[in-house]
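Student: Please find one structure pasted underneath; my questions will follow.
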Amino acid sequence: MSAFVLEKLCRGCQRCVHACPSQAISMIAHLAVVDPGKCEECEECMESCMHGAITFRSDFVEEDRKWRSS
């Protein structure tokens, strides 16, 4: 599973964008967005995020999708 940004935690600081060696993260509307096709699952983005907004865990991904749809 590629990295996933939890929108409610992302502050748009771009630390993950600069940390990603495969350039898989871009900013859209002040939020980080991961391109799963480019993500190498190195976890550099997750380690660089001081807000805990990036995960590789599917349970957090599902919770975030529920939050966005409500």
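Every chain in the structure tokens has a letter given in the order shown (A, B, ...), and although residue numbers restart at 1 in each chain, ligands are simply numbered from 1 in the order shown.
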Fewer than 5 positions away in the same chain doesn't count, so skip those; otherwise give me all residues within 8 Å of range 13-19 of chain A, counting only C-alpha atoms, as a ChimeraX atom specification.
Tutor: /A:24-27,32,44-46,48-49
Student: Please give the complete set of residues from chain A that DSSP, run on the backbone, assigns to helix (DSSP H, G or I), formatted as a ChimeraX atom specification.
Tutor: /A:15-19,44-48,58-69
Student: Let me see the file: selected residues, C-alpha atoms, as a compact mmCIF listing (two decimals), in the first residue's frame.
Tutor:
```
# COMPACT_ATOMS: atom_id res chain seq x y z
CA ARG A 15 7.95 18.70 4.42
CA CYS A 16 6.77 15.42 2.90
CA VAL A 17 7.07 16.83 -0.63
CA HIS A 18 10.73 17.67 -0.03
CA ALA A 19 11.43 14.36 1.75
CA GLU A 44 10.51 9.04 4.26
CA CYS A 45 7.38 11.19 3.98
CA MET A 46 5.83 9.65 7.07
CA GLU A 47 9.03 10.20 9.07
CA SER A 48 9.25 13.85 7.95
CA SER A 58 -5.29 0.72 5.78
CA ASP A 59 -7.42 1.17 8.92
CA PHE A 60 -6.52 4.90 9.03
CA VAL A 61 -7.20 5.23 5.32
CA GLU A 62 -10.72 3.87 5.72
CA GLU A 63 -11.40 6.15 8.70
CA ASP A 64 -10.22 9.19 6.69
CA ARG A 65 -12.49 8.29 3.76
CA LYS A 66 -15.48 8.08 6.15
CA TRP A 67 -14.57 11.50 7.59
CA ARG A 68 -14.39 13.11 4.10
CA SER A 69 -17.75 11.70 3.04
```
Student: Can you tell me, as a PDB file with N, CA and C atoms, in the first residue's frame, what residues are no more than 9 Å from range 35-43 of chain A when counting only C-alpha atoms, ignoring any on the same chain fewer than 5 positions away?
Tutor:
```pdb
ATOM      1  N   MET A   1       0.842  -1.181   0.000  1.00  0.00           N
ATOM      2  CA  MET A   1       0.000   0.000   0.000  1.00  0.00           C
ATOM      3  C   MET A   1       0.879   1.232   0.000  1.00  0.00           C
ATOM      4  N   SER A   2       0.559   2.167  -0.850  1.00  0.00           N
ATOM      5  CA  SER A   2       1.327   3.410  -0.906  1.00  0.00           C
ATOM      6  C   SER A   2       0.936   4.328   0.255  1.00  0.00           C
ATOM      7  N   ALA A   3       1.698   5.373   0.419  1.00  0.00           N
ATOM      8  CA  ALA A   3       1.408   6.357   1.462  1.00  0.00           C
ATOM      9  C   ALA A   3       0.048   6.995   1.206  1.00  0.00           C
ATOM     10  N   PHE A   4      -0.595   7.429   2.279  1.00  0.00           N
ATOM     11  CA  PHE A   4      -1.892   8.084   2.194  1.00  0.00           C
ATOM     12  C   PHE A   4      -1.890   9.262   3.155  1.00  0.00           C
ATOM     13  N   CYS A  20      10.326  13.228  -0.084  1.00  0.00           N
ATOM     14  CA  CYS A  20      10.033  12.090  -0.963  1.00  0.00           C
ATOM     15  C   CYS A  20      11.090  11.942  -2.067  1.00  0.00           C
ATOM     16  N   PRO A  21      11.858  10.850  -2.060  1.00  0.00           N
ATOM     17  CA  PRO A  21      12.892  10.675  -3.072  1.00  0.00           C
ATOM     18  C   PRO A  21      12.347  10.341  -4.465  1.00  0.00           C
ATOM     19  N   SER A  22      11.119   9.867  -4.535  1.00  0.00           N
ATOM     20  CA  SER A  22      10.542   9.500  -5.836  1.00  0.00           C
ATOM     21  C   SER A  22       9.602  10.574  -6.390  1.00  0.00           C
ATOM     22  N   GLN A  23       9.531  11.716  -5.718  1.00  0.00           N
ATOM     23  CA  GLN A  23       8.669  12.830  -6.134  1.00  0.00           C
ATOM     24  C   GLN A  23       7.215  12.386  -6.348  1.00  0.00           C
ATOM     25  N   ALA A  24       6.742  11.567  -5.421  1.00  0.00           N
ATOM     26  CA  ALA A  24       5.385  11.036  -5.513  1.00  0.00           C
ATOM     27  C   ALA A  24       4.348  11.922  -4.832  1.00  0.00           C
ATOM     28  N   ILE A  25       4.790  12.989  -4.175  1.00  0.00           N
ATOM     29  CA  ILE A  25       3.870  13.842  -3.425  1.00  0.00           C
ATOM     30  C   ILE A  25       3.834  15.236  -4.036  1.00  0.00           C
ATOM     31  N   SER A  26       2.630  15.725  -4.240  1.00  0.00           N
ATOM     32  CA  SER A  26       2.444  17.087  -4.738  1.00  0.00           C
ATOM     33  C   SER A  26       1.423  17.784  -3.848  1.00  0.00           C
ATOM     34  N   SER A  48       9.042  12.400   7.989  1.00  0.00           N
ATOM     35  CA  SER A  48       9.253  13.848   7.952  1.00  0.00           C
ATOM     36  C   SER A  48       8.035  14.644   8.421  1.00  0.00           C
ATOM     37  N   ILE A  54       0.581  11.364   7.527  1.00  0.00           N
ATOM     38  CA  ILE A  54       0.836  10.366   6.491  1.00  0.00           C
ATOM     39  C   ILE A  54       0.887   8.986   7.117  1.00  0.00           C
ATOM     40  N   THR A  55       0.204   8.039   6.482  1.00  0.00           N
ATOM     41  CA  THR A  55       0.139   6.685   7.006  1.00  0.00           C
ATOM     42  C   THR A  55       0.283   5.670   5.883  1.00  0.00           C
ATOM     43  N   PHE A  56       0.592   4.469   6.256  1.00  0.00           N
ATOM     44  CA  PHE A  56       0.607   3.330   5.345  1.00  0.00           C
ATOM     45  C   PHE A  56      -0.374   2.275   5.854  1.00  0.00           C
TER      46      PHE A  56
END
```
Student: If you run DSSP on the backbone, which residues of chain A are strand (DSSP E or B), as a VMD selection string?
Tutor: chain A and resid 4 to 5 25 to 28 31 to 34 54 to 55
Student: For those residues, write N, CA and C atoms to a file as an mmCIF file, in the first residue's frame.
Tutor:
```cif
data_model
loop_
_atom_site.group_PDB
_atom_site.id
_atom_site.type_symbol
_atom_site.label_atom_id
_atom_site.label_comp_id
_atom_site.auth_asym_id
_atom_site.auth_seq_id
_atom_site.Cartn_x
_atom_site.Cartn_y
_atom_site.Cartn_z
ATOM 1 N N PHE A 4 -0.595 7.429 2.279
ATOM 2 C CA PHE A 4 -1.892 8.084 2.194
ATOM 3 C C PHE A 4 -1.890 9.262 3.155
ATOM 4 N N VAL A 5 -2.358 10.404 2.696
ATOM 5 C CA VAL A 5 -2.390 11.613 3.520
ATOM 6 C C VAL A 5 -3.752 11.736 4.196
ATOM 7 N N ILE A 25 4.790 12.989 -4.175
ATOM 8 C CA ILE A 25 3.870 13.842 -3.425
ATOM 9 C C ILE A 25 3.834 15.236 -4.036
ATOM 10 N N SER A 26 2.630 15.725 -4.240
ATOM 11 C CA SER A 26 2.444 17.087 -4.738
ATOM 12 C C SER A 26 1.423 17.784 -3.848
ATOM 13 N N MET A 27 1.306 19.080 -4.017
ATOM 14 C CA MET A 27 0.357 19.854 -3.233
ATOM 15 C C MET A 27 -0.818 20.256 -4.117
ATOM 16 N N ILE A 28 -2.018 20.003 -3.636
ATOM 17 C CA ILE A 28 -3.239 20.416 -4.315
ATOM 18 C C ILE A 28 -4.123 21.079 -3.270
ATOM 19 N N LEU A 31 -2.963 20.909 0.327
ATOM 20 C CA LEU A 31 -2.888 19.594 0.963
ATOM 21 C C LEU A 31 -1.961 18.693 0.157
ATOM 22 N N ALA A 32 -1.222 17.847 0.860
ATOM 23 C CA ALA A 32 -0.341 16.895 0.195
ATOM 24 C C ALA A 32 -1.176 15.773 -0.415
ATOM 25 N N VAL A 33 -0.787 15.359 -1.626
ATOM 26 C CA VAL A 33 -1.467 14.278 -2.333
ATOM 27 C C VAL A 33 -0.398 13.322 -2.853
ATOM 28 N N VAL A 34 -0.572 12.026 -2.600
ATOM 29 C CA VAL A 34 0.396 11.012 -3.008
ATOM 30 C C VAL A 34 -0.050 10.350 -4.302
ATOM 31 N N ILE A 54 0.581 11.364 7.527
ATOM 32 C CA ILE A 54 0.836 10.366 6.491
ATOM 33 C C ILE A 54 0.887 8.986 7.117
ATOM 34 N N THR A 55 0.204 8.039 6.482
ATOM 35 C CA THR A 55 0.139 6.685 7.006
ATOM 36 C C THR A 55 0.283 5.670 5.883
#
```
